[in-house]
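Remarks on the structure that follows.
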Amino acid sequence: MAQTAILIIFGAVCLCFAFSFAGLSLQHHKKTSNIFLATGVIWCIAGLCLQLSLPDFYDFITAMYLWEFPTLLILSGIIYFSTQKFNNIYKTALVIFILAELGSMAFPSSAVFVSDSLPFWADRLIIISLWTIYALSFQILTKVEGISGNHALTVFTGIAVLPFIGGAPILLGAIAACGIAVFAAWQIYNTYPARLNITPASSYALGFILAWFCLKTASEGALSCTLVLNSLFFYEVLIAVLRKLSLRPNYQNITQNTDFYQAGLDGFSPQDITAATFKISVLLIVFNIFAVFAPNPYSIPMFTFLISMWFAYRLKNWQEKIPTLRELPQTIMTDIKNNVSDIKTNFQRDEQK
């Protein structure tokens, strides 16, 4: 049975890469950017096929139903096609929130994402809100070529290794392996100089899918692992929002407020930015393994979040002298306090008006 499962997974991975690469090649030839159709759709179909073909290993904490991938494919498809028709972030957020609420109904009622001490409705409301924010925020990674693929590969690789140490079900690891294949093909076309760019509609749909997979993994007792793998992404979202709220003229476009993008404005090449993020991605994948055995589910994620803060600061200020370990926390907190101070100042001005 194990040998059959390995052959099925290996075949699925090869087919995912082949179909995604062929689809992206066709889009490059036709000069289109329907990235979601050549990545997200293929991955969802592969996930369903693995569910139907792999033996039942009975290693799930909560059930995984056959309708989950078809539901995910339909909901992400609705996001992809609907967000092409309007260019309004509030309408987009509303659509994603409603669809995330519908998607949460496909999860088993026994699935706990945040804490079993919370009421069921509170746990679901939190994950629906985070799901929406994740899908909306994925676009900030697309402003520097190669970063979006690198992040997706980090998440899928980190989850793919968990079954080997008992941190996640075998089926989720197999599905993650297919995700590696799909986004490896995407990375070939998106690494600088990119031959294909990603549209906002595709980024919303892919962010929606990636958030679902993180939530599915978290429901299997691997919440700390998913937090670790997304540490850098979460920090970049936080700093981008703070800069936007500061109302500084050069920070009005939230998608350009990340340290990735700011480093590029200061002359750091896209190749070097991608290479630097690859290094920290490897580090996050390693700590993702440690998180499985940590007695406290939040200790490793907090540590990797601090590491991500340091990395992002060094990336943005790549021309400056590296601060000492004693100076580093104070330097980062000073930068954050300046953004918060700007926000308070602008609110006080608005109240006086």
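Note on naming: chains are A, B, ... as they come in the structure tokens, residues start from 1 per chain, ligands start from 1 in the order shown.
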
Go through segment 4-115 of chain A residue by residue and, counting only C-alpha atoms, keep those with an atom at most 10 Å from segment 220-230 of chain A; for each kept residue give the shortest atom pair and its distance in Å to one decimal, ordered by chain and increasing number, as CSV.
```
residue,atom,partner,partner_atom,distance
A:Asp59,CA,A:Glu220,CA,9.5
A:Phe60,CA,A:Glu220,CA,6.8
A:Ile61,CA,A:Glu220,CA,5.6
A:Thr62,CA,A:Glu220,CA,6.7
A:Ala63,CA,A:Glu220,CA,9.5
A:Ala111,CA,A:Glu220,CA,7.9
A:Val112,CA,A:Glu220,CA,8.4
A:Phe113,CA,A:Leu223,CA,7.2
A:Val114,CA,A:Leu223,CA,7.7
A:Ser115,CA,A:Leu223,CA,10.0
```

Any chance you can output those residues with N, CA and C atoms as a PDB file, in the first residue's frame?
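Here's the written file selection.pdb:
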```pdb
ATOM      1  N   ASP A  59      -5.240   9.178   9.533  1.00  0.00           N
ATOM      2  CA  ASP A  59      -4.380   9.981  10.401  1.00  0.00           C
ATOM      3  C   ASP A  59      -4.871  11.425  10.507  1.00  0.00           C
ATOM      4  N   PHE A  60      -6.135  11.666  10.188  1.00  0.00           N
ATOM      5  CA  PHE A  60      -6.704  13.001  10.328  1.00  0.00           C
ATOM      6  C   PHE A  60      -7.295  13.177  11.726  1.00  0.00           C
ATOM      7  N   ILE A  61      -7.109  14.349  12.299  1.00  0.00           N
ATOM      8  CA  ILE A  61      -7.784  14.697  13.549  1.00  0.00           C
ATOM      9  C   ILE A  61      -9.245  15.012  13.262  1.00  0.00           C
ATOM     10  N   THR A  62      -9.460  15.791  12.207  1.00  0.00           N
ATOM     11  CA  THR A  62     -10.811  16.093  11.739  1.00  0.00           C
ATOM     12  C   THR A  62     -10.955  15.527  10.326  1.00  0.00           C
ATOM     13  N   ALA A  63     -12.187  15.289   9.949  1.00  0.00           N
ATOM     14  CA  ALA A  63     -12.428  14.674   8.642  1.00  0.00           C
ATOM     15  C   ALA A  63     -12.086  15.633   7.504  1.00  0.00           C
ATOM     16  N   ALA A 111     -13.670  20.942  13.719  1.00  0.00           N
ATOM     17  CA  ALA A 111     -12.378  21.593  13.480  1.00  0.00           C
ATOM     18  C   ALA A 111     -12.228  22.835  14.352  1.00  0.00           C
ATOM     19  N   VAL A 112     -11.129  22.911  15.090  1.00  0.00           N
ATOM     20  CA  VAL A 112     -10.816  24.071  15.926  1.00  0.00           C
ATOM     21  C   VAL A 112      -9.567  24.729  15.358  1.00  0.00           C
ATOM     22  N   PHE A 113      -9.632  26.030  15.118  1.00  0.00           N
ATOM     23  CA  PHE A 113      -8.518  26.730  14.465  1.00  0.00           C
ATOM     24  C   PHE A 113      -7.695  27.546  15.454  1.00  0.00           C
ATOM     25  N   VAL A 114      -8.342  28.299  16.304  1.00  0.00           N
ATOM     26  CA  VAL A 114      -7.634  29.191  17.221  1.00  0.00           C
ATOM     27  C   VAL A 114      -7.499  28.560  18.599  1.00  0.00           C
ATOM     28  N   SER A 115      -8.639  28.279  19.245  1.00  0.00           N
ATOM     29  CA  SER A 115      -8.623  27.688  20.584  1.00  0.00           C
ATOM     30  C   SER A 115      -9.968  27.033  20.873  1.00  0.00           C
TER      31      SER A 115
END
```

All residues 9 Å or closer to Gly149 of chain A, only C-alpha atoms, same chain fewer than 4 positions away omitted, as a list of chain:residue names | A:Leu141, A:Thr142, A:Glu145, A:Leu153, A:Thr154, A:Phe183, A:Ala184, A:Trp186, A:Gln187, A:Asn190, A:Thr191

For the residues in that selection, give me N, CA and C atoms as a PDB file, in the first residue's frame.
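Dumped to part05.pdb:
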```pdb
ATOM      1  N   LEU A 141       2.750  40.791  -2.246  1.00  0.00           N
ATOM      2  CA  LEU A 141       3.921  39.980  -2.592  1.00  0.00           C
ATOM      3  C   LEU A 141       4.194  39.976  -4.093  1.00  0.00           C
ATOM      4  N   THR A 142       3.226  40.436  -4.881  1.00  0.00           N
ATOM      5  CA  THR A 142       3.369  40.370  -6.336  1.00  0.00           C
ATOM      6  C   THR A 142       4.091  41.583  -6.910  1.00  0.00           C
ATOM      7  N   GLU A 145       9.104  40.800  -8.374  1.00  0.00           N
ATOM      8  CA  GLU A 145       9.084  39.539  -9.126  1.00  0.00           C
ATOM      9  C   GLU A 145       9.773  38.419  -8.352  1.00  0.00           C
ATOM     10  N   LEU A 153       5.928  28.606  -2.180  1.00  0.00           N
ATOM     11  CA  LEU A 153       6.809  27.441  -2.070  1.00  0.00           C
ATOM     12  C   LEU A 153       7.240  27.207  -0.623  1.00  0.00           C
ATOM     13  N   THR A 154       7.432  28.283   0.123  1.00  0.00           N
ATOM     14  CA  THR A 154       7.785  28.147   1.539  1.00  0.00           C
ATOM     15  C   THR A 154       6.682  27.452   2.310  1.00  0.00           C
ATOM     16  N   PHE A 183       3.789  25.674  -8.094  1.00  0.00           N
ATOM     17  CA  PHE A 183       4.390  26.997  -7.914  1.00  0.00           C
ATOM     18  C   PHE A 183       5.869  27.014  -8.289  1.00  0.00           C
ATOM     19  N   ALA A 184       6.484  25.852  -8.420  1.00  0.00           N
ATOM     20  CA  ALA A 184       7.835  25.814  -8.993  1.00  0.00           C
ATOM     21  C   ALA A 184       7.771  26.210 -10.463  1.00  0.00           C
ATOM     22  N   TRP A 186       5.453  28.155 -11.698  1.00  0.00           N
ATOM     23  CA  TRP A 186       5.159  29.594 -11.678  1.00  0.00           C
ATOM     24  C   TRP A 186       6.420  30.401 -11.385  1.00  0.00           C
ATOM     25  N   GLN A 187       7.266  29.894 -10.492  1.00  0.00           N
ATOM     26  CA  GLN A 187       8.482  30.614 -10.141  1.00  0.00           C
ATOM     27  C   GLN A 187       9.418  30.750 -11.338  1.00  0.00           C
ATOM     28  N   ASN A 190       8.095  33.700 -13.172  1.00  0.00           N
ATOM     29  CA  ASN A 190       7.936  34.966 -12.455  1.00  0.00           C
ATOM     30  C   ASN A 190       9.241  35.516 -11.899  1.00  0.00           C
ATOM     31  N   THR A 191      10.293  34.688 -11.839  1.00  0.00           N
ATOM     32  CA  THR A 191      11.572  35.184 -11.343  1.00  0.00           C
ATOM     33  C   THR A 191      12.130  36.233 -12.303  1.00  0.00           C
TER      34      THR A 191
END
```

Find the spatial neighbours of Tyr134 of chain A, counting only C-alpha atoms, within a cut-off of 8 Å - ignore same-chain residues fewer than 5 positions away - and output them as a ChimeraX atom specification.
-> /A:207-208,211

Which is closer to Gly158 of chain A than all the others in A:Gly103, A:Arg248, A:Thr304, A:Leu283, using only C-alpha atoms?
->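 When distances to Gly158 of chain A are compared using only C-alpha atoms, the smallest one comes from A:Leu283.
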
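In this structure, atom CA of Ala240 of chain A sits 28.4 Å away from atom CA of Ala176 of chain A.
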
With only C-alpha atoms counted and 12 Å as the cut-off, give the residues of segment 208-293 of chain A in contact with segment 41-51 of chain A, each with its shortest interatomic distance in Å and the pair that gives it, as a Markdown table.
```
| residue | atom | partner | partner_atom | distance |
| --- | --- | --- | --- | --- |
| A:Ile209 | CA | A:Cys44 | CA | 8.6 |
| A:Leu210 | CA | A:Trp43 | CA | 10.6 |
| A:Trp212 | CA | A:Cys44 | CA | 11.2 |
| A:Phe213 | CA | A:Cys44 | CA | 10.5 |
```

Could you save those same residues with N, CA and C atoms as a compact mmCIF listing (two decimals), in the first residue's frame?
```
# COMPACT_ATOMS: atom_id res chain seq x y z
N ILE A 209 -6.90 30.53 -1.84
CA ILE A 209 -6.57 29.10 -1.82
C ILE A 209 -5.47 28.80 -0.81
N LEU A 210 -4.42 29.62 -0.80
CA LEU A 210 -3.30 29.39 0.12
C LEU A 210 -3.75 29.53 1.57
N TRP A 212 -6.76 28.92 2.67
CA TRP A 212 -7.56 27.72 2.99
C TRP A 212 -6.65 26.57 3.40
N PHE A 213 -5.57 26.38 2.66
CA PHE A 213 -4.69 25.26 2.96
C PHE A 213 -3.99 25.45 4.31
```

Secondary structure check, helix (DSSP H, G or I) residues of segment 148-207 of chain A, as JSON, numbers by chain | {"A": [148, 149, 150, 151, 152, 153, 154, 155, 156, 157, 158, 159, 160, 161, 162, 163, 164, 165, 170, 171, 172, 173, 174, 175, 176, 177, 178, 179, 180, 181, 182, 183, 184, 185, 186, 187, 188, 189, 190, 200, 201, 202, 203, 204, 205, 206, 207]}

Just-selected residues, N, CA and C atoms written as a short mmCIF file (atom, residue, chain, number, x, y, z; two decimals), in the first residue's frame:
```
data_model
loop_
_atom_site.label_atom_id
_atom_site.label_comp_id
_atom_site.auth_asym_id
_atom_site.auth_seq_id
_atom_site.Cartn_x
_atom_site.Cartn_y
_atom_site.Cartn_z
N SER A 148 6.11 36.26 -4.66
CA SER A 148 4.86 35.53 -4.44
C SER A 148 5.08 34.02 -4.57
N GLY A 149 5.82 33.61 -5.59
CA GLY A 149 6.12 32.19 -5.76
C GLY A 149 6.98 31.66 -4.64
N ASN A 150 7.92 32.46 -4.18
CA ASN A 150 8.79 32.05 -3.10
C ASN A 150 8.00 31.81 -1.82
N HIS A 151 7.03 32.70 -1.55
CA HIS A 151 6.22 32.54 -0.35
C HIS A 151 5.36 31.28 -0.43
N ALA A 152 4.73 31.07 -1.58
CA ALA A 152 3.90 29.87 -1.75
C ALA A 152 4.73 28.60 -1.61
N LEU A 153 5.93 28.61 -2.18
CA LEU A 153 6.81 27.44 -2.07
C LEU A 153 7.24 27.21 -0.62
N THR A 154 7.43 28.28 0.12
CA THR A 154 7.79 28.15 1.54
C THR A 154 6.68 27.45 2.31
N VAL A 155 5.44 27.90 2.10
CA VAL A 155 4.30 27.32 2.81
C VAL A 155 4.11 25.85 2.43
N PHE A 156 4.12 25.56 1.13
CA PHE A 156 3.88 24.19 0.69
C PHE A 156 5.03 23.25 1.10
N THR A 157 6.26 23.72 1.01
CA THR A 157 7.40 22.88 1.40
C THR A 157 7.37 22.59 2.89
N GLY A 158 7.08 23.63 3.68
CA GLY A 158 7.01 23.43 5.12
C GLY A 158 5.95 22.43 5.52
N ILE A 159 4.79 22.48 4.87
CA ILE A 159 3.71 21.54 5.20
C ILE A 159 4.02 20.15 4.64
N ALA A 160 4.72 20.09 3.50
CA ALA A 160 5.05 18.80 2.89
C ALA A 160 5.97 17.96 3.77
N VAL A 161 6.82 18.60 4.57
CA VAL A 161 7.75 17.84 5.40
C VAL A 161 7.11 17.38 6.72
N LEU A 162 5.96 17.96 7.08
CA LEU A 162 5.36 17.64 8.38
C LEU A 162 4.93 16.18 8.54
N PRO A 163 4.37 15.53 7.51
CA PRO A 163 3.99 14.12 7.70
C PRO A 163 5.16 13.20 8.06
N PHE A 164 6.37 13.56 7.68
CA PHE A 164 7.53 12.71 7.98
C PHE A 164 7.86 12.70 9.47
N ILE A 165 7.38 13.72 10.20
CA ILE A 165 7.66 13.78 11.64
C ILE A 165 6.36 13.72 12.45
N ILE A 170 -0.78 12.47 6.09
CA ILE A 170 -0.05 12.14 4.87
C ILE A 170 -0.69 12.77 3.65
N LEU A 171 -2.03 12.78 3.61
CA LEU A 171 -2.72 13.35 2.46
C LEU A 171 -2.40 14.84 2.30
N LEU A 172 -2.36 15.59 3.40
CA LEU A 172 -2.02 17.01 3.32
C LEU A 172 -0.59 17.19 2.81
N GLY A 173 0.31 16.32 3.23
CA GLY A 173 1.68 16.40 2.73
C GLY A 173 1.75 16.13 1.25
N ALA A 174 0.96 15.18 0.78
CA ALA A 174 0.93 14.87 -0.66
C ALA A 174 0.37 16.03 -1.46
N ILE A 175 -0.69 16.64 -0.94
CA ILE A 175 -1.30 17.79 -1.61
C ILE A 175 -0.32 18.97 -1.63
N ALA A 176 0.42 19.13 -0.53
CA ALA A 176 1.43 20.19 -0.47
C ALA A 176 2.53 19.94 -1.50
N ALA A 177 2.90 18.67 -1.71
CA ALA A 177 3.92 18.35 -2.72
C ALA A 177 3.46 18.77 -4.11
N CYS A 178 2.17 18.60 -4.38
CA CYS A 178 1.62 19.07 -5.66
C CYS A 178 1.68 20.59 -5.75
N GLY A 179 1.47 21.25 -4.61
CA GLY A 179 1.59 22.70 -4.58
C GLY A 179 3.00 23.16 -4.89
N ILE A 180 3.99 22.41 -4.40
CA ILE A 180 5.39 22.73 -4.72
C ILE A 180 5.61 22.66 -6.23
N ALA A 181 5.08 21.61 -6.85
CA ALA A 181 5.26 21.43 -8.29
C ALA A 181 4.61 22.57 -9.08
N VAL A 182 3.39 22.93 -8.69
CA VAL A 182 2.65 23.98 -9.40
C VAL A 182 3.37 25.32 -9.30
N PHE A 183 3.79 25.67 -8.09
CA PHE A 183 4.39 27.00 -7.91
C PHE A 183 5.87 27.01 -8.29
N ALA A 184 6.48 25.85 -8.42
CA ALA A 184 7.83 25.81 -8.99
C ALA A 184 7.77 26.21 -10.46
N ALA A 185 6.72 25.74 -11.15
CA ALA A 185 6.52 26.15 -12.54
C ALA A 185 6.26 27.64 -12.63
N TRP A 186 5.45 28.15 -11.70
CA TRP A 186 5.16 29.59 -11.68
C TRP A 186 6.42 30.40 -11.39
N GLN A 187 7.27 29.89 -10.49
CA GLN A 187 8.48 30.61 -10.14
C GLN A 187 9.42 30.75 -11.34
N ILE A 188 9.44 29.75 -12.20
CA ILE A 188 10.28 29.80 -13.40
C ILE A 188 9.88 31.00 -14.27
N TYR A 189 8.59 31.27 -14.34
CA TYR A 189 8.10 32.34 -15.21
C TYR A 189 8.02 33.70 -14.50
N ASN A 190 8.10 33.70 -13.17
CA ASN A 190 7.94 34.97 -12.46
C ASN A 190 9.24 35.52 -11.90
N PRO A 200 -4.25 41.37 -10.23
CA PRO A 200 -4.88 41.39 -8.90
C PRO A 200 -5.90 40.28 -8.71
N ALA A 201 -6.70 39.99 -9.76
CA ALA A 201 -7.72 38.94 -9.64
C ALA A 201 -7.08 37.59 -9.33
N SER A 202 -5.98 37.28 -10.01
CA SER A 202 -5.28 36.02 -9.75
C SER A 202 -4.67 36.00 -8.35
N SER A 203 -4.15 37.14 -7.90
CA SER A 203 -3.54 37.18 -6.57
C SER A 203 -4.58 36.97 -5.48
N TYR A 204 -5.78 37.55 -5.65
CA TYR A 204 -6.85 37.35 -4.66
C TYR A 204 -7.26 35.88 -4.60
N ALA A 205 -7.42 35.27 -5.77
CA ALA A 205 -7.86 33.87 -5.84
C ALA A 205 -6.80 32.94 -5.26
N LEU A 206 -5.54 33.16 -5.61
CA LEU A 206 -4.46 32.31 -5.10
C LEU A 206 -4.26 32.53 -3.60
N GLY A 207 -4.38 33.77 -3.14
CA GLY A 207 -4.30 34.04 -1.71
C GLY A 207 -5.41 33.35 -0.94
#
```

Of the candidates A:Ile35, A:Leu24, A:Val292, A:Ile98, which shows the shortest atom-to-atom distance to Gly167 of chain A, using only C-alpha atoms?
->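 Looking at the shortest contact to Gly167 of chain A, the residue is A:Val292.
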
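Of the residues listed (A:Ser117, A:Ser231, A:Asp266, A:Pro169), A:Ser231 shows the shortest atom-to-atom separation from Phe287 of chain A; distances use only C-alpha atoms.
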
For Thr4 of chain A, the nearest of the candidates A:Ser25, A:Gln252, A:Ser53, A:Ser110, counting only C-alpha atoms = A:Ser53

For atom CA of Ile140 of chain A and atom CA of Ile79 of chain A, quote the distance in Å rounded to one decimal.
->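 One can read the atom CA of Ile140 of chain A to atom CA of Ile79 of chain A distance as 17.3 Å.
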
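Across the structure, atom CA of Pro193 of chain A and atom CA of Ala275 of chain A are spaced 13.7 Å apart.
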
Within 12 Å of Asp272 of chain A using only C-alpha atoms, minus same-chain residues under 6 positions, as a list in words =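 Surrounding residues, per the criterion: Val144, Glu145, Gly146, Ile147, Thr191, Tyr192, Phe260, Ala263, Gly264, Phe278, Lys279, Leu315 and Trp318 of chain A.
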
Using only C-alpha atoms, which residue out of A:Ile133, A:Glu68, A:Val95, A:Lys143 lies closest to Phe81 of chain A?
-> A:Val95

Leaving out Ala312 of chain A and any residue of its chain fewer than 6 positions from it, which residues lie within 10 Å of it when counting only C-alpha atoms, given as number ranges by chain?
-> A: 232, 235-236, 239, 258-260, 263, 276-277, 306, 318, 332

Keeping all heavy atoms for every residue in the selection just given, could you write it to a file as a compact mmCIF listing (two decimals), in the first residue's frame?
```
# COMPACT_ATOMS: atom_id res chain seq x y z
N LEU A 232 7.09 35.99 7.93
CA LEU A 232 7.57 37.13 7.15
C LEU A 232 6.41 37.83 6.44
O LEU A 232 6.35 39.06 6.39
CB LEU A 232 8.62 36.68 6.14
CG LEU A 232 9.26 37.79 5.29
CD1 LEU A 232 9.96 38.81 6.16
CD2 LEU A 232 10.25 37.19 4.29
N TYR A 235 4.44 39.92 8.93
CA TYR A 235 5.13 41.15 9.30
C TYR A 235 5.05 42.19 8.19
O TYR A 235 4.83 43.38 8.45
CB TYR A 235 6.60 40.88 9.63
CG TYR A 235 7.37 42.15 9.87
CD1 TYR A 235 7.17 42.88 11.04
CD2 TYR A 235 8.25 42.66 8.91
CE1 TYR A 235 7.83 44.08 11.26
CE2 TYR A 235 8.92 43.85 9.13
CZ TYR A 235 8.71 44.56 10.30
OH TYR A 235 9.37 45.74 10.49
N GLU A 236 5.21 41.76 6.95
CA GLU A 236 5.14 42.69 5.83
C GLU A 236 3.75 43.30 5.70
O GLU A 236 3.60 44.48 5.36
CB GLU A 236 5.53 41.98 4.53
CG GLU A 236 7.00 41.65 4.42
CD GLU A 236 7.88 42.89 4.27
OE1 GLU A 236 7.37 44.02 4.26
OE2 GLU A 236 9.11 42.72 4.15
N ILE A 239 3.53 45.96 8.60
CA ILE A 239 4.29 47.18 8.36
C ILE A 239 3.71 47.98 7.20
O ILE A 239 3.73 49.21 7.19
CB ILE A 239 5.79 46.85 8.12
CG1 ILE A 239 6.66 48.09 8.39
CG2 ILE A 239 6.04 46.31 6.73
CD1 ILE A 239 6.69 48.52 9.83
N THR A 258 5.78 47.52 1.42
CA THR A 258 6.56 46.43 2.02
C THR A 258 8.05 46.74 1.98
O THR A 258 8.51 47.55 1.17
CB THR A 258 6.31 45.11 1.27
OG1 THR A 258 6.75 45.26 -0.09
CG2 THR A 258 4.84 44.74 1.28
N ASP A 259 8.78 46.09 2.86
CA ASP A 259 10.23 46.27 2.86
C ASP A 259 10.86 45.69 1.60
O ASP A 259 11.92 46.14 1.18
CB ASP A 259 10.83 45.62 4.11
CG ASP A 259 10.49 46.40 5.37
OD1 ASP A 259 10.43 47.65 5.29
OD2 ASP A 259 10.28 45.79 6.42
N PHE A 260 10.19 44.67 0.99
CA PHE A 260 10.69 44.15 -0.28
C PHE A 260 10.74 45.27 -1.32
O PHE A 260 11.75 45.50 -1.98
CB PHE A 260 9.76 43.05 -0.83
CG PHE A 260 9.53 41.91 0.09
CD1 PHE A 260 8.24 41.52 0.44
CD2 PHE A 260 10.60 41.19 0.62
CE1 PHE A 260 8.03 40.44 1.28
CE2 PHE A 260 10.39 40.11 1.45
CZ PHE A 260 9.10 39.74 1.78
N ALA A 263 13.11 48.25 -0.53
CA ALA A 263 14.51 47.91 -0.82
C ALA A 263 14.81 48.05 -2.30
O ALA A 263 15.88 48.52 -2.70
CB ALA A 263 14.82 46.49 -0.35
N ALA A 276 17.64 36.73 -1.09
CA ALA A 276 17.64 36.95 0.35
C ALA A 276 16.40 36.32 1.00
O ALA A 276 16.50 35.69 2.06
CB ALA A 276 17.67 38.45 0.64
N THR A 277 15.24 36.46 0.37
CA THR A 277 14.03 35.87 0.93
C THR A 277 14.08 34.34 0.87
O THR A 277 13.48 33.67 1.72
CB THR A 277 12.77 36.37 0.19
OG1 THR A 277 12.90 36.12 -1.21
CG2 THR A 277 12.57 37.87 0.42
N LEU A 306 10.06 37.68 15.17
CA LEU A 306 11.14 38.61 15.49
C LEU A 306 12.27 38.49 14.47
O LEU A 306 12.87 39.49 14.06
CB LEU A 306 11.66 38.34 16.91
CG LEU A 306 10.72 38.68 18.06
CD1 LEU A 306 11.31 38.24 19.39
CD2 LEU A 306 10.41 40.18 18.08
N TRP A 318 19.50 47.98 3.54
CA TRP A 318 20.63 47.14 3.13
C TRP A 318 21.93 47.92 2.99
O TRP A 318 23.02 47.33 3.03
CB TRP A 318 20.31 46.44 1.81
CG TRP A 318 20.04 47.38 0.66
CD1 TRP A 318 18.88 48.01 0.38
CD2 TRP A 318 20.97 47.78 -0.35
NE1 TRP A 318 19.00 48.79 -0.75
CE2 TRP A 318 20.28 48.66 -1.23
CE3 TRP A 318 22.31 47.48 -0.63
CZ2 TRP A 318 20.89 49.25 -2.33
CZ3 TRP A 318 22.91 48.05 -1.73
CH2 TRP A 318 22.20 48.93 -2.57
N ILE A 332 14.42 48.70 15.52
CA ILE A 332 13.17 48.27 14.90
C ILE A 332 11.97 48.92 15.58
O ILE A 332 11.05 49.40 14.92
CB ILE A 332 13.05 46.73 14.94
CG1 ILE A 332 14.13 46.09 14.07
CG2 ILE A 332 11.67 46.28 14.47
CD1 ILE A 332 14.16 44.59 14.14
```
